[in-house]
$ cat query.tsv   # TSV, C-alpha atoms and all ligand atoms
chain	number	residue	atom	x	y	z
O	1	MET	CA	-24.39	-19.24	-8.89
O	2	HIS	CA	-22.47	-17.15	-6.35
O	3	ARG	CA	-23.89	-16.39	-2.93
O	4	LEU	CA	-24.98	-12.81	-2.28
O	5	VAL	CA	-22.38	-10.32	-1.12
O	6	ASP	CA	-24.15	-8.76	1.83
O	7	LEU	CA	-22.71	-5.34	2.64
O	8	ARG	CA	-25.81	-3.96	4.38
O	9	SER	CA	-24.29	-4.17	7.84
O	10	ASP	CA	-21.89	-6.10	10.04
O	11	THR	CA	-25.02	-7.20	11.93
O	12	VAL	CA	-25.61	-9.80	9.19
O	13	THR	CA	-22.57	-11.86	10.22
O	14	VAL	CA	-23.33	-15.43	11.23
O	15	PRO	CA	-21.64	-17.22	14.14
O	16	THR	CA	-18.43	-19.16	13.47
O	17	PRO	CA	-18.32	-22.97	13.84
O	18	GLU	CA	-16.32	-22.45	17.06
O	19	MET	CA	-19.09	-20.21	18.42
O	20	ARG	CA	-21.74	-22.77	17.56
O	21	ARG	CA	-19.76	-25.49	19.35
O	22	ALA	CA	-19.30	-23.29	22.41
O	23	MET	CA	-23.01	-22.46	22.38
O	24	ALA	CA	-23.99	-26.12	22.20
O	25	ASN	CA	-21.73	-27.01	25.09
O	26	ALA	CA	-22.29	-23.93	27.26
O	27	GLU	CA	-22.73	-24.40	30.97
O	28	VAL	CA	-25.88	-22.48	31.90
O	29	GLY	CA	-28.06	-21.43	34.83
O	30	ASP	CA	-30.78	-18.90	35.57
O	31	ASP	CA	-29.18	-15.51	34.97
O	32	VAL	CA	-32.00	-13.65	36.71
O	33	TYR	CA	-30.66	-15.33	39.87
O	34	GLY	CA	-27.12	-14.49	38.73
O	35	GLU	CA	-26.49	-18.22	38.34
O	36	ASP	CA	-25.39	-18.53	34.74
O	37	PRO	CA	-21.64	-19.20	34.89
O	38	THR	CA	-21.09	-18.44	31.20
O	39	VAL	CA	-22.87	-15.07	31.42
O	40	ASN	CA	-20.95	-14.27	34.59
O	41	LEU	CA	-17.65	-15.08	32.89
O	42	LEU	CA	-18.50	-12.98	29.84
O	43	GLN	CA	-19.43	-10.06	32.09
O	44	GLU	CA	-16.16	-10.36	34.04
O	45	ARG	CA	-14.06	-10.62	30.91
O	46	SER	CA	-15.81	-7.69	29.23
O	47	ALA	CA	-15.37	-5.47	32.27
O	48	GLU	CA	-11.70	-6.40	32.48
O	49	LEU	CA	-11.14	-5.79	28.77
O	50	LEU	CA	-12.55	-2.27	29.05
O	51	GLY	CA	-10.98	-1.51	32.43
O	52	LYS	CA	-14.32	-1.16	34.23
O	53	GLU	CA	-15.46	-2.68	37.53
O	54	ALA	CA	-18.44	-4.57	36.14
O	55	ALA	CA	-20.47	-5.39	33.04
O	56	LEU	CA	-23.96	-6.52	32.08
O	57	PHE	CA	-25.03	-8.72	29.18
O	58	VAL	CA	-27.96	-7.09	27.37
O	59	PRO	CA	-30.01	-8.29	24.38
O	60	SER	CA	-29.12	-5.38	22.07
O	61	GLY	CA	-27.01	-2.27	21.64
O	62	THR	CA	-30.12	-0.15	21.74
O	63	MET	CA	-31.09	-1.55	25.12
O	64	GLY	CA	-27.55	-1.03	26.43
O	65	ASN	CA	-27.55	2.62	25.36
O	66	GLU	CA	-31.01	3.30	26.70
O	67	ILE	CA	-30.34	1.64	30.05
O	68	ALA	CA	-27.27	3.87	30.36
O	69	VAL	CA	-29.26	7.03	29.62
O	70	LYS	CA	-31.86	5.97	32.19
O	71	VAL	CA	-29.31	5.23	34.91
O	72	HIS	CA	-27.36	8.47	34.40
O	73	THR	CA	-30.37	10.82	34.37
O	74	HIS	CA	-33.61	11.89	36.00
O	75	PRO	CA	-36.76	12.86	34.05
O	76	GLY	CA	-36.44	16.40	32.69
O	77	ASP	CA	-32.64	16.38	32.63
O	78	GLU	CA	-30.74	17.48	29.57
O	79	VAL	CA	-28.39	15.25	27.58
O	80	LEU	CA	-25.89	16.76	25.13
O	81	ILE	CA	-25.37	14.60	22.08
O	82	ASP	CA	-24.42	15.08	18.48
O	83	GLU	CA	-27.40	14.99	16.15
O	84	ASP	CA	-26.19	12.04	14.07
O	85	CYS	CA	-25.67	9.59	16.93
O	86	HIS	CA	-27.50	6.27	16.83
O	87	ILE	CA	-29.30	7.25	20.06
O	88	VAL	CA	-30.81	10.27	18.25
O	89	LYS	CA	-31.28	8.88	14.76
O	90	TRP	CA	-32.11	5.23	15.09
O	91	GLU	CA	-33.47	4.45	18.55
O	92	LEU	CA	-37.02	5.69	17.85
O	93	GLY	CA	-37.01	8.43	20.46
O	94	ALA	CA	-36.33	5.88	23.20
O	95	ALA	CA	-34.50	8.39	25.42
O	96	ALA	CA	-37.70	10.47	25.55
O	97	PHE	CA	-39.93	7.40	25.80
O	98	ILE	CA	-38.01	5.61	28.55
O	99	SER	CA	-36.02	8.26	30.41
O	100	ASN	CA	-38.11	11.40	29.79
O	101	VAL	CA	-34.98	13.39	29.06
O	102	GLN	CA	-34.39	16.25	26.68
O	103	LEU	CA	-31.78	15.44	24.05
O	104	ARG	CA	-30.03	18.66	23.13
O	105	THR	CA	-28.53	17.84	19.77
O	106	LEU	CA	-25.44	19.47	18.26
O	107	PRO	CA	-24.20	19.37	14.65
O	108	ASN	CA	-20.94	17.52	13.96
O	109	GLN	CA	-18.23	17.75	11.32
O	110	LYS	CA	-17.21	14.24	10.31
O	111	GLY	CA	-18.29	12.99	13.73
O	112	ILE	CA	-16.65	15.73	15.76
O	113	VAL	CA	-18.51	18.35	17.80
O	114	PRO	CA	-15.96	20.94	18.99
O	115	VAL	CA	-15.42	20.59	22.74
O	116	ASP	CA	-16.28	24.31	23.14
O	117	GLU	CA	-19.72	23.68	21.70
O	118	TYR	CA	-20.42	21.20	24.48
O	119	ALA	CA	-18.87	23.55	27.05
O	120	LYS	CA	-21.14	26.43	26.00
O	121	ARG	CA	-24.28	24.39	26.60
O	122	ILE	CA	-23.49	22.82	29.96
O	123	GLN	CA	-25.78	24.27	32.61
O	124	ALA	CA	-26.19	23.51	36.30
O	125	GLY	CA	-29.99	23.83	36.19
O	126	ASP	CA	-32.13	26.28	38.16
O	127	ASP	CA	-35.76	27.43	38.31
O	128	HIS	CA	-35.68	28.12	34.57
O	129	VAL	CA	-33.39	25.64	32.84
O	130	PRO	CA	-32.87	21.89	33.10
O	131	PRO	CA	-29.55	20.56	34.40
O	132	THR	CA	-27.10	18.98	31.96
O	133	ARG	CA	-26.53	15.50	33.32
O	134	LEU	CA	-24.88	13.54	30.52
O	135	ILE	CA	-22.87	13.72	27.30
O	136	CYS	CA	-23.21	10.78	24.90
O	137	LEU	CA	-20.47	9.99	22.40
O	138	GLU	CA	-20.26	7.36	19.65
O	139	ASN	CA	-16.98	5.75	18.58
O	140	SER	CA	-16.67	4.62	15.87
O	141	HIS	CA	-19.31	7.01	14.56
O	142	ASN	CA	-21.71	5.17	12.31
O	143	ALA	CA	-23.62	7.96	10.50
O	144	ALA	CA	-20.47	10.03	10.03
O	145	GLY	CA	-19.07	7.19	7.91
O	146	GLY	CA	-17.52	4.91	10.53
O	147	VAL	CA	-15.02	7.63	11.47
O	148	VAL	CA	-13.15	7.44	14.76
O	149	LEU	CA	-13.06	10.05	17.49
O	150	PRO	CA	-9.37	10.54	18.40
O	151	LEU	CA	-8.29	9.57	21.91
O	152	GLU	CA	-7.11	13.13	22.58
O	153	TYR	CA	-10.59	14.47	21.76
O	154	MET	CA	-12.25	11.90	24.06
O	155	ARG	CA	-9.86	12.95	26.82
O	156	GLU	CA	-10.74	16.63	26.38
O	157	ILE	CA	-14.43	15.82	26.72
O	158	TRP	CA	-13.69	13.74	29.81
O	159	THR	CA	-11.79	16.63	31.41
O	160	LEU	CA	-14.66	19.01	30.64
O	161	THR	CA	-17.27	16.71	32.16
O	162	GLN	CA	-15.15	16.04	35.24
O	163	ARG	CA	-14.98	19.79	35.81
O	164	HIS	CA	-18.76	20.05	35.72
O	165	GLY	CA	-19.61	16.77	37.46
O	166	ILE	CA	-21.57	15.32	34.56
O	167	ALA	CA	-21.48	11.79	33.19
O	168	VAL	CA	-20.24	10.46	29.84
O	169	HIS	CA	-21.75	7.47	28.08
O	170	LEU	CA	-19.92	5.98	25.12
O	171	ASP	CA	-21.88	4.15	22.46
O	172	GLY	CA	-19.01	1.89	21.54
O	173	ALA	CA	-21.10	-0.47	19.42
O	174	ARG	CA	-17.91	-0.75	17.33
O	175	ILE	CA	-15.33	0.28	19.94
O	176	PHE	CA	-12.87	-2.38	18.79
O	177	ASN	CA	-13.01	-1.08	15.22
O	178	ALA	CA	-12.23	2.36	16.63
O	179	ALA	CA	-9.42	1.05	18.84
O	180	ILE	CA	-7.78	-0.80	15.95
O	181	ALA	CA	-8.05	2.20	13.63
O	182	LEU	CA	-6.55	4.46	16.30
O	183	GLY	CA	-3.92	1.93	17.34
O	184	VAL	CA	-4.85	2.22	21.02
O	185	PRO	CA	-6.28	-0.36	23.47
O	186	ALA	CA	-10.09	-0.10	23.76
O	187	ARG	CA	-9.73	0.43	27.48
O	188	GLN	CA	-8.08	3.80	26.86
O	189	LEU	CA	-11.18	4.96	25.00
O	190	ALA	CA	-13.37	3.45	27.71
O	191	ALA	CA	-11.42	5.38	30.36
O	192	CYS	CA	-12.96	8.56	28.92
O	193	ALA	CA	-16.49	7.49	29.82
O	194	HIS	CA	-18.40	6.38	32.91
O	195	SER	CA	-20.30	3.78	30.92
O	196	VAL	CA	-19.59	2.02	27.64
O	197	MET	CA	-21.80	-0.16	25.50
O	198	PHE	CA	-20.21	-2.45	22.94
O	199	CYS	CA	-21.90	-4.90	20.57
O	200	LEU	CA	-21.05	-8.57	20.20
O	201	SER	CA	-23.54	-8.93	17.35
O	202	LYS	CA	-21.83	-6.68	14.79
O	203	GLY	CA	-18.24	-7.13	13.56
O	204	LEU	CA	-17.59	-9.63	16.36
O	205	ALA	CA	-20.13	-11.92	14.63
O	206	CYS	CA	-22.18	-13.17	17.59
O	207	PRO	CA	-25.81	-13.97	16.95
O	208	VAL	CA	-27.17	-11.74	19.74
O	209	GLY	CA	-26.06	-9.41	22.47
O	210	SER	CA	-24.21	-6.38	23.70
O	211	MET	CA	-22.27	-5.51	26.84
O	212	LEU	CA	-22.78	-2.51	29.07
O	213	CYS	CA	-19.75	-1.73	31.23
O	214	GLY	CA	-19.25	0.68	34.12
O	215	SER	CA	-18.75	0.99	37.86
O	216	ARG	CA	-20.18	-1.66	40.18
O	217	ALA	CA	-22.87	0.76	41.40
O	218	PHE	CA	-23.80	1.74	37.83
O	219	ILE	CA	-24.13	-1.89	36.74
O	220	GLU	CA	-26.21	-2.78	39.79
O	221	GLU	CA	-28.73	-0.12	38.82
O	222	ALA	CA	-28.44	-1.06	35.13
O	223	ARG	CA	-29.38	-4.62	36.07
O	224	ARG	CA	-32.55	-3.35	37.73
O	225	VAL	CA	-33.46	-1.23	34.67
O	226	ARG	CA	-32.76	-4.17	32.34
O	227	LYS	CA	-35.33	-6.19	34.32
O	228	ILE	CA	-37.87	-3.37	34.12
O	229	LEU	CA	-37.44	-3.27	30.34
O	230	GLY	CA	-37.93	-7.03	30.09
O	231	GLY	CA	-34.35	-7.61	29.04
O	232	ALA	CA	-33.38	-10.05	31.80
O	233	MET	CA	-32.84	-13.45	30.23
O	234	ARG	CA	-32.66	-16.91	31.80
O	235	GLN	CA	-30.21	-19.52	30.40
O	236	ALA	CA	-28.50	-16.77	28.43
O	237	GLY	CA	-25.18	-18.60	28.69
O	238	ILE	CA	-26.08	-20.21	25.35
O	239	LEU	CA	-25.64	-16.74	23.83
O	240	ALA	CA	-22.85	-15.57	26.12
O	241	ALA	CA	-20.75	-18.56	25.05
O	242	ALA	CA	-20.50	-17.05	21.57
O	243	GLY	CA	-19.46	-13.77	23.16
O	244	LEU	CA	-16.53	-15.41	24.93
O	245	VAL	CA	-15.32	-16.91	21.65
O	246	ALA	CA	-15.73	-13.49	20.02
O	247	LEU	CA	-13.54	-11.76	22.59
O	248	ASP	CA	-10.83	-14.38	21.97
O	249	THR	CA	-10.97	-14.69	18.21
O	250	MET	CA	-12.84	-11.87	16.50
O	251	ILE	CA	-11.23	-8.60	17.61
O	252	ASP	CA	-7.85	-8.61	15.87
O	253	ARG	CA	-9.34	-9.72	12.55
O	254	LEU	CA	-11.35	-6.46	12.31
O	255	ALA	CA	-8.26	-4.91	10.69
O	256	GLN	CA	-8.99	-7.07	7.61
O	257	ASP	CA	-12.46	-5.54	7.36
O	258	HIS	CA	-10.91	-2.07	7.45
O	259	ALA	CA	-8.49	-2.92	4.63
O	260	ARG	CA	-11.36	-4.31	2.52
O	261	ALA	CA	-13.49	-1.20	3.14
O	262	ARG	CA	-10.54	0.90	1.98
O	263	ARG	CA	-10.20	-1.14	-1.21
O	264	LEU	CA	-13.91	-0.83	-1.96
O	265	ALA	CA	-13.87	2.91	-1.27
O	266	GLU	CA	-10.86	3.65	-3.45
O	267	ALA	CA	-12.31	1.72	-6.38
O	268	ILE	CA	-15.78	3.28	-6.17
O	269	ALA	CA	-14.40	6.80	-5.63
O	270	ASN	CA	-13.05	6.72	-9.20
O	271	MET	CA	-16.34	5.73	-10.84
O	272	PRO	CA	-18.63	8.28	-12.54
O	273	GLY	CA	-21.92	8.88	-10.73
O	274	PHE	CA	-20.47	8.10	-7.31
O	275	ARG	CA	-18.57	10.12	-4.75
O	276	VAL	CA	-16.73	8.81	-1.71
O	277	ASP	CA	-15.05	11.00	0.88
O	278	LEU	CA	-11.99	8.83	1.40
O	279	GLU	CA	-11.05	10.77	4.52
O	280	THR	CA	-14.02	9.26	6.32
O	281	VAL	CA	-13.14	5.68	5.41
O	282	GLN	CA	-11.33	4.83	8.62
O	283	THR	CA	-12.92	1.56	9.75
O	284	ASN	CA	-15.28	-0.96	8.13
O	285	MET	CA	-17.75	1.43	6.51
O	286	VAL	CA	-18.00	3.20	3.17
O	287	TYR	CA	-20.64	5.85	2.52
O	288	VAL	CA	-21.16	6.39	-1.19
O	289	GLN	CA	-22.91	9.55	-2.44
O	290	THR	CA	-24.94	8.79	-5.54
O	291	GLU	CA	-26.03	11.09	-8.37
O	292	GLN	CA	-29.06	8.89	-9.05
O	293	PRO	CA	-31.46	8.08	-6.20
O	294	ALA	CA	-29.72	5.62	-3.89
O	295	ARG	CA	-32.76	3.30	-3.93
O	296	CYS	CA	-32.39	2.82	-7.72
O	297	ILE	CA	-28.72	1.94	-7.40
O	298	VAL	CA	-29.38	-0.46	-4.53
O	299	GLN	CA	-32.03	-2.25	-6.61
O	300	GLN	CA	-29.67	-2.57	-9.60
O	301	LEU	CA	-26.87	-3.85	-7.38
O	302	GLU	CA	-29.22	-6.42	-5.92
O	303	THR	CA	-29.83	-7.94	-9.35
O	304	LEU	CA	-26.04	-8.32	-9.59
O	305	GLY	CA	-25.88	-10.17	-6.28
O	306	VAL	CA	-24.70	-7.30	-4.08
O	307	HIS	CA	-26.78	-6.14	-1.12
O	308	CYS	CA	-26.26	-2.61	0.25
O	309	LEU	CA	-28.34	-0.17	2.22
O	310	ASP	CA	-29.69	3.17	1.01
O	311	VAL	CA	-29.36	5.02	4.29
O	312	PHE	CA	-30.29	8.45	2.89
O	313	PRO	CA	-31.92	9.45	-0.45
O	314	HIS	CA	-28.53	9.88	-2.15
O	315	THR	CA	-26.32	7.82	0.13
O	316	ILE	CA	-25.52	4.12	0.12
O	317	ARG	CA	-23.72	2.49	3.04
O	318	LEU	CA	-21.40	-0.48	2.58
O	319	VAL	CA	-20.11	-2.35	5.61
O	320	THR	CA	-17.39	-4.99	5.49
O	321	HIS	CA	-17.31	-7.87	7.95
O	322	LYS	CA	-16.06	-11.41	8.45
O	323	ASP	CA	-18.51	-12.89	5.91
O	324	VAL	CA	-17.13	-10.71	3.11
O	325	ASP	CA	-13.81	-11.88	1.67
O	326	ASP	CA	-11.45	-10.44	-0.97
O	327	GLU	CA	-13.33	-12.14	-3.78
O	328	ASP	CA	-16.61	-10.66	-2.55
O	329	VAL	CA	-15.02	-7.22	-2.55
O	330	THR	CA	-13.96	-7.75	-6.18
O	331	ARG	CA	-17.52	-8.78	-7.08
O	332	ALA	CA	-18.93	-5.71	-5.32
O	333	ILE	CA	-16.49	-3.44	-7.18
O	334	ASP	CA	-17.45	-5.06	-10.50
O	335	ALA	CA	-21.14	-4.59	-9.72
O	336	PHE	CA	-20.64	-0.91	-8.90
O	337	ALA	CA	-18.68	-0.48	-12.15
O	338	LYS	CA	-21.62	-1.94	-14.10
O	339	VAL	CA	-24.18	0.45	-12.59
O	340	SER	CA	-21.95	3.53	-12.53
O	341	GLY	CA	-22.20	6.38	-15.00
O	401	LIG	N1	-26.73	-0.06	14.06
O	401	LIG	C1	-27.39	-0.73	12.94
O	401	LIG	C2	-28.62	0.07	12.51
O	401	LIG	O1	-29.46	0.28	13.59
O	401	LIG	C3	-28.29	1.39	11.90
O	401	LIG	C4	-26.41	-0.87	11.82
O	401	LIG	O2	-26.71	-1.67	10.91
O	401	LIG	O3	-25.36	-0.21	11.82
O	401	LIG	N2	-25.08	2.03	18.26
O	401	LIG	C5	-24.59	2.05	17.02
O	401	LIG	C6	-23.47	2.97	16.70
O	401	LIG	C7	-25.12	1.22	16.04
O	401	LIG	O4	-24.64	1.29	14.81
O	401	LIG	C8	-26.17	0.34	16.37
O	401	LIG	C9	-26.83	-0.54	15.34
O	401	LIG	C10	-26.65	0.34	17.69
O	401	LIG	C11	-26.09	1.21	18.61
O	401	LIG	C12	-27.80	-0.53	18.14
O	401	LIG	O5	-27.48	-1.87	18.19
O	401	LIG	P1	-28.65	-2.98	18.12
O	401	LIG	O6	-29.00	-3.13	16.68
O	401	LIG	O7	-28.01	-4.20	18.70
O	401	LIG	O8	-29.79	-2.49	18.94
$ encode --input "query.tsv" --output "structure tokens"
Amino acid sequence: MHRLVDLRSDTVTVPTPEMRRAMANAEVGDDVYGEDPTVNLLQERSAELLGKEAALFVPSGTMGNEIAVKVHTHPGDEVLIDEDCHIVKWELGAAAFISNVQLRTLPNQKGIVPVDEYAKRIQAGDDHVPPTRLICLENSHNAAGGVVLPLEYMREIWTLTQRHGIAVHLDGARIFNAAIALGVPARQLAACAHSVMFCLSKGLACPVGSMLCGSRAFIEEARRVRKILGGAMRQAGILAAAGLVALDTMIDRLAQDHARARRLAEAIANMPGFRVDLETVQTNMVYVQTEQPARCIVQQLETLGVHCLDVFPHTIRLVTHKDVDDEDVTRAIDAFAKVSG
């Protein structure tokens, strides 16, 4: 009996033996007092990696994003964001709930909102309209198929926001996937935003945690908001230890996940009953359009030992990660072939 091939998300990855050893041996302290040396080191290394002054270890990507929105805005402010971003789609209205901001959502084409469309909507605020305070971007862009926003595009948005004195937050849950796909250092993408969140718990395979990076002043305020939200942890070095191993060992290998996603996509694209837009397969995700209801296909695949997610009524998402090897990809392709038609 084979183990299940779990393609639901890269969040299902389990820590490596090296991570578990580092976790067991981690030097810890009370992080609410700033006394956990392992958390402090992870924060320093994360900030350095992304070219920012400081960083904060947070329990989840969602919390990292929402802290950023809170720190950048005041209640009643407007945030420009494309309508398929995780912050809009999958954070349960948290920006309204926590920050009392208005998300002004814009449609995207394969993850891209033309810069002009942002420009048209930026307003200073007066007695009648709210001020635009923030633009949120996501790279790689999950709901658009794991596509990457090109560096040049990020730079154009940065220039626009600089001109108007508004902030940029980058949901870089998978920033290293984006950086590898684009062939640029992650810090160049991060340079186009005031704050960046990246996840340790996805392709980097840590059990828990995300990093929020930004200026020293931003992180100081973010730390206060994290406490308000109940996200300040104590001997969190146990978790941060895995993060340090991830930064050393898990980034470069993401290229393998991209190659496997490509192989999956190309095979499934040729099967009757399925459609894959190969242009969007740029990182570790494959979105498959299904003729039959996606739920039905997912259930059939499950009986064949392959787990995937029906993200929309006629869309299945497959995500490759370190716990999916070449043989697993072959098994997934065979399973799709059996249920196709
Ligand atoms: N994404 C999860 C689901 O919530 C959809 C997944 O399986 O892909 N930003 C982006 C771009 C994300 O994809 C996610 C998680 C988050 C933020 C939130 O991270 P967590 O789950 O740590 O709160």
$ residues_around --input "query.tsv" --residues "O:Leu80" --least-positions-apart "6" --cutoff "7 Å" --atoms "all atoms listed in the file" --output "ChimeraX atom specification"
/O:103-105,134-136
$ residues_near_ligand --input "query.tsv" --ligand "ligand LIG 401 (chain O)" --cutoff "8 Å" --atoms "all atoms listed in the file" --output "mmCIF file with C-alpha atoms, in the frame of the given file"
data_model
loop_
_atom_site.group_PDB
_atom_site.id
_atom_site.type_symbol
_atom_site.label_atom_id
_atom_site.label_comp_id
_atom_site.auth_asym_id
_atom_site.auth_seq_id
_atom_site.Cartn_x
_atom_site.Cartn_y
_atom_site.Cartn_z
ATOM 1 C CA ARG O 8 -25.810 -3.960 4.380
ATOM 2 C CA SER O 9 -24.290 -4.170 7.840
ATOM 3 C CA ASP O 10 -21.890 -6.100 10.040
ATOM 4 C CA THR O 11 -25.020 -7.200 11.930
ATOM 5 C CA PRO O 59 -30.010 -8.290 24.380
ATOM 6 C CA SER O 60 -29.120 -5.380 22.070
ATOM 7 C CA GLY O 61 -27.010 -2.270 21.640
ATOM 8 C CA THR O 62 -30.120 -0.150 21.740
ATOM 9 C CA MET O 63 -31.090 -1.550 25.120
ATOM 10 C CA GLY O 64 -27.550 -1.030 26.430
ATOM 11 C CA ASN O 65 -27.550 2.620 25.360
ATOM 12 C CA CYS O 85 -25.670 9.590 16.930
ATOM 13 C CA HIS O 86 -27.500 6.270 16.830
ATOM 14 C CA ILE O 87 -29.300 7.250 20.060
ATOM 15 C CA TRP O 90 -32.110 5.230 15.090
ATOM 16 C CA GLU O 91 -33.470 4.450 18.550
ATOM 17 C CA GLU O 138 -20.260 7.360 19.650
ATOM 18 C CA ASN O 139 -16.980 5.750 18.580
ATOM 19 C CA SER O 140 -16.670 4.620 15.870
ATOM 20 C CA HIS O 141 -19.310 7.010 14.560
ATOM 21 C CA ASN O 142 -21.710 5.170 12.310
ATOM 22 C CA ALA O 143 -23.620 7.960 10.500
ATOM 23 C CA ASP O 171 -21.880 4.150 22.460
ATOM 24 C CA GLY O 172 -19.010 1.890 21.540
ATOM 25 C CA ALA O 173 -21.100 -0.470 19.420
ATOM 26 C CA ARG O 174 -17.910 -0.750 17.330
ATOM 27 C CA CYS O 199 -21.900 -4.900 20.570
ATOM 28 C CA SER O 201 -23.540 -8.930 17.350
ATOM 29 C CA LYS O 202 -21.830 -6.680 14.790
ATOM 30 C CA VAL O 208 -27.170 -11.740 19.740
ATOM 31 C CA GLY O 209 -26.060 -9.410 22.470
ATOM 32 C CA SER O 210 -24.210 -6.380 23.700
#
$ atom_distance --input "query.tsv" --atom1 "atom CA of O:Glu220" --atom2 "atom CA of O:Glu53"
11.0 Å
$ axis_aligned_box --input "query.tsv" --around "stretch 150-169 of chain O" --padding-each-side "6 Å" --output "AutoDock Vina command-line options"
--center_x -14.4 --center_y 13.8 --center_z 27.9 --size_x 26.6 --size_y 24.6 --size_z 31.1
$ closest_residue --input "query.tsv" --among "O:Ala240, O:Leu204, O:Leu212, O:Ala94" --to "O:Arg253" --atoms "only C-alpha atoms"
O:Leu204
$ residues_around --input "query.tsv" --residues "stretch 227-232 of chain O" --least-positions-apart "3" --cutoff "7 Å" --atoms "only C-alpha atoms" --output "PyMOL selection string"
chain O and resi 32+58-59+223-224
$ residues_around --input "query.tsv" --residues "O:Val288" --least-positions-apart "4" --cutoff "6 Å" --atoms "all atoms listed in the file" --output "list of chain:residue names"
O:Arg275, O:Val276, O:Thr315, O:Ile316
$ closest_residue --input "query.tsv" --among "O:Glu78, O:Glu156, O:Asp31, O:Glu44" --to "O:Asp116" --atoms "all atoms listed in the file"
O:Glu156
$ atom_distance --input "query.tsv" --atom1 "atom CA of O:Gly34" --atom2 "atom CA of O:Gly243"
17.4 Å
$ closest_residue --input "query.tsv" --among "O:Ala222, O:Val39, O:Ala217, O:Ile333" --to "O:Ala269" --atoms "all atoms listed in the file"
O:Ile333
$ build_atoms --input "query.tsv" --residues "stretch 278-292 of chain O" --atoms "N, CA and C atoms" --output "JSON list (two decimals), in the coordinates of the input"
[["chain", "number", "residue", "atom", "x", "y", "z"],
["O", 278, "LEU", "N", -12.92, 9.86, 0.93],
["O", 278, "LEU", "CA", -11.99, 8.83, 1.40],
["O", 278, "LEU", "C", -11.46, 9.13, 2.81],
["O", 279, "GLU", "N", -11.52, 10.39, 3.17],
["O", 279, "GLU", "CA", -11.05, 10.77, 4.52],
["O", 279, "GLU", "C", -11.89, 10.11, 5.63],
["O", 280, "THR", "N", -13.15, 9.85, 5.29],
["O", 280, "THR", "CA", -14.02, 9.26, 6.32],
["O", 280, "THR", "C", -13.93, 7.73, 6.37],
["O", 281, "VAL", "N", -13.23, 7.15, 5.42],
["O", 281, "VAL", "CA", -13.14, 5.68, 5.41],
["O", 281, "VAL", "C", -12.01, 5.26, 6.34],
["O", 282, "GLN", "N", -12.34, 5.09, 7.59],
["O", 282, "GLN", "CA", -11.33, 4.83, 8.62],
["O", 282, "GLN", "C", -11.49, 3.46, 9.27],
["O", 283, "THR", "N", -12.70, 2.88, 9.12],
["O", 283, "THR", "CA", -12.92, 1.56, 9.75],
["O", 283, "THR", "C", -13.54, 0.62, 8.72],
["O", 284, "ASN", "N", -14.71, 0.06, 9.02],
["O", 284, "ASN", "CA", -15.28, -0.96, 8.13],
["O", 284, "ASN", "C", -16.47, -0.44, 7.33],
["O", 285, "MET", "N", -16.60, 0.89, 7.23],
["O", 285, "MET", "CA", -17.75, 1.43, 6.51],
["O", 285, "MET", "C", -17.34, 2.31, 5.34],
["O", 286, "VAL", "N", -18.19, 2.30, 4.30],
["O", 286, "VAL", "CA", -18.00, 3.20, 3.17],
["O", 286, "VAL", "C", -19.36, 3.83, 2.88],
["O", 287, "TYR", "N", -19.41, 5.14, 2.92],
["O", 287, "TYR", "CA", -20.64, 5.85, 2.52],
["O", 287, "TYR", "C", -20.42, 6.40, 1.12],
["O", 288, "VAL", "N", -21.29, 5.98, 0.21],
["O", 288, "VAL", "CA", -21.16, 6.39, -1.19],
["O", 288, "VAL", "C", -22.29, 7.38, -1.52],
["O", 289, "GLN", "N", -21.91, 8.57, -1.99],
["O", 289, "GLN", "CA", -22.91, 9.55, -2.44],
["O", 289, "GLN", "C", -23.24, 9.22, -3.88],
["O", 290, "THR", "N", -24.52, 9.20, -4.19],
["O", 290, "THR", "CA", -24.94, 8.79, -5.54],
["O", 290, "THR", "C", -25.62, 9.95, -6.27],
["O", 291, "GLU", "N", -25.32, 10.08, -7.57],
["O", 291, "GLU", "CA", -26.03, 11.09, -8.37],
["O", 291, "GLU", "C", -27.48, 10.69, -8.54],
["O", 292, "GLN", "N", -27.70, 9.42, -8.93],
["O", 292, "GLN", "CA", -29.06, 8.89, -9.05],
["O", 292, "GLN", "C", -29.61, 8.60, -7.64]]
